[in-house]
Amino acid sequence: MIDPVIEQLAGEYAGKLKCYKLNTDDSPAITTEFGIQSIPTVMIFKDGEKKDAITGPVPKSTLISRIEKFL
């Protein structure tokens with residue numbers, strides 16, 4: 001559900017951020033490390049440090065406002 005929005009944002013912010021998709025079933029250690037309990041969960045990292053997490057399907061405008069805080 002949120003995948004098309006993430007793809008759009010990856011294109012719009014090309015050169016400013018990178019987007020990665022993780023299958024939590026294939027990566028249970030990462031799921032545990034970051035406390036992912038709901039899908040979808042979008043995490044924002046800056047300089048390798050987790051800065052924010054958005055859980056659940058949210059509008060594109062919400063993702064943009066959260067991303068903009070860290071650019």
# chains A, B, ... in the order shown; residues from 1 in each chain; ligands from 1
call {"tool": "residues_around", "arguments": {"residues": "A:Leu17", "least_positions_apart": "5", "cutoff": "10 Å", "atoms": "only C-alpha atoms", "output": "PyMOL selection string"}}
result
chain A and resi 9-12+44-46+67+70-71
call {"tool": "select_by_dssp", "arguments": {"residues": "chain A", "states": "strand (DSSP E)", "output": "PyMOL selection string"}}
result
chain A and resi 41-46+49-55
call {"tool": "write_last_selection", "arguments": {"atoms": "C-alpha atoms", "output": "tab-separated table (two decimals), in the first residue's frame"}}
result
chain	number	residue	atom	x	y	z
A	41	THR	CA	7.10	0.92	9.28
A	42	VAL	CA	9.13	3.67	7.63
A	43	MET	CA	12.35	4.61	9.38
A	44	ILE	CA	14.43	7.69	8.72
A	45	PHE	CA	18.15	7.51	9.32
A	46	LYS	CA	20.70	10.28	9.15
A	49	GLU	CA	21.50	6.95	13.25
A	50	LYS	CA	17.77	6.29	13.45
A	51	LYS	CA	16.04	9.66	13.72
A	52	ASP	CA	12.35	8.88	13.24
A	53	ALA	CA	9.88	6.07	12.60
A	54	ILE	CA	6.44	6.21	11.05
A	55	THR	CA	4.17	3.24	11.59
call {"tool": "atom_distance", "arguments": {"atom1": "atom CA of A:Lys60", "atom2": "atom CA of A:Gln8"}}
result
9.2 Å
call {"tool": "select_by_dssp", "arguments": {"residues": "chain A", "states": "alpha helix (DSSP H)", "output": "MDAnalysis selection string"}}
result
chainID A and resid 3:12 28:33 60:68
call {"tool": "atom_distance", "arguments": {"atom1": "atom CA of A:Ser38", "atom2": "atom CA of A:Ser65"}}
result
21.0 Å
call {"tool": "closest_residue", "arguments": {"among": "A:Ala29, A:Ala14, A:Ile39, A:Leu22", "to": "A:Pro57", "atoms": "only C-alpha atoms"}}
result
A:Ile39
call {"tool": "decode", "arguments": {"residues": "stretch 11-22 of chain A", "atoms": "N, CA, C and O atoms", "output": "PDB file, in the first residue's frame"}}
result
ATOM      1  N   GLY A  11      12.198   8.924  -6.116  1.00  0.00           N
ATOM      2  CA  GLY A  11      12.464   9.665  -7.342  1.00  0.00           C
ATOM      3  C   GLY A  11      12.529  11.161  -7.117  1.00  0.00           C
ATOM      4  O   GLY A  11      13.418  11.842  -7.623  1.00  0.00           O
ATOM      5  N   GLU A  12      11.597  11.675  -6.330  1.00  0.00           N
ATOM      6  CA  GLU A  12      11.541  13.113  -6.071  1.00  0.00           C
ATOM      7  C   GLU A  12      12.734  13.609  -5.263  1.00  0.00           C
ATOM      8  O   GLU A  12      13.159  14.753  -5.413  1.00  0.00           O
ATOM      9  N   TYR A  13      13.258  12.756  -4.395  1.00  0.00           N
ATOM     10  CA  TYR A  13      14.375  13.142  -3.539  1.00  0.00           C
ATOM     11  C   TYR A  13      15.694  12.491  -3.983  1.00  0.00           C
ATOM     12  O   TYR A  13      16.625  12.398  -3.196  1.00  0.00           O
ATOM     13  N   ALA A  14      15.754  12.059  -5.225  1.00  0.00           N
ATOM     14  CA  ALA A  14      16.977  11.428  -5.742  1.00  0.00           C
ATOM     15  C   ALA A  14      18.168  12.342  -5.497  1.00  0.00           C
ATOM     16  O   ALA A  14      18.101  13.543  -5.739  1.00  0.00           O
ATOM     17  N   GLY A  15      19.241  11.771  -4.981  1.00  0.00           N
ATOM     18  CA  GLY A  15      20.434  12.545  -4.672  1.00  0.00           C
ATOM     19  C   GLY A  15      20.414  13.154  -3.281  1.00  0.00           C
ATOM     20  O   GLY A  15      21.423  13.634  -2.794  1.00  0.00           O
ATOM     21  N   LYS A  16      19.241  13.154  -2.633  1.00  0.00           N
ATOM     22  CA  LYS A  16      19.127  13.707  -1.284  1.00  0.00           C
ATOM     23  C   LYS A  16      18.902  12.628  -0.237  1.00  0.00           C
ATOM     24  O   LYS A  16      19.235  12.814   0.930  1.00  0.00           O
ATOM     25  N   LEU A  17      18.287  11.504  -0.669  1.00  0.00           N
ATOM     26  CA  LEU A  17      18.065  10.397   0.251  1.00  0.00           C
ATOM     27  C   LEU A  17      18.024   9.101  -0.521  1.00  0.00           C
ATOM     28  O   LEU A  17      17.881   9.076  -1.736  1.00  0.00           O
ATOM     29  N   LYS A  18      18.163   8.015   0.204  1.00  0.00           N
ATOM     30  CA  LYS A  18      18.085   6.679  -0.387  1.00  0.00           C
ATOM     31  C   LYS A  18      16.963   5.929   0.308  1.00  0.00           C
ATOM     32  O   LYS A  18      16.795   6.050   1.522  1.00  0.00           O
ATOM     33  N   CYS A  19      16.219   5.171  -0.472  1.00  0.00           N
ATOM     34  CA  CYS A  19      15.122   4.375   0.076  1.00  0.00           C
ATOM     35  C   CYS A  19      15.458   2.897  -0.090  1.00  0.00           C
ATOM     36  O   CYS A  19      15.896   2.478  -1.160  1.00  0.00           O
ATOM     37  N   TYR A  20      15.218   2.152   0.956  1.00  0.00           N
ATOM     38  CA  TYR A  20      15.455   0.714   0.949  1.00  0.00           C
ATOM     39  C   TYR A  20      14.221   0.017   1.476  1.00  0.00           C
ATOM     40  O   TYR A  20      13.527   0.535   2.353  1.00  0.00           O
ATOM     41  N   LYS A  21      13.971  -1.165   0.957  1.00  0.00           N
ATOM     42  CA  LYS A  21      12.853  -1.969   1.403  1.00  0.00           C
ATOM     43  C   LYS A  21      13.412  -3.219   2.072  1.00  0.00           C
ATOM     44  O   LYS A  21      14.373  -3.824   1.578  1.00  0.00           O
ATOM     45  N   LEU A  22      12.813  -3.607   3.189  1.00  0.00           N
ATOM     46  CA  LEU A  22      13.273  -4.763   3.948  1.00  0.00           C
ATOM     47  C   LEU A  22      12.102  -5.700   4.195  1.00  0.00           C
ATOM     48  O   LEU A  22      11.050  -5.267   4.673  1.00  0.00           O
TER      49      LEU A  22
END
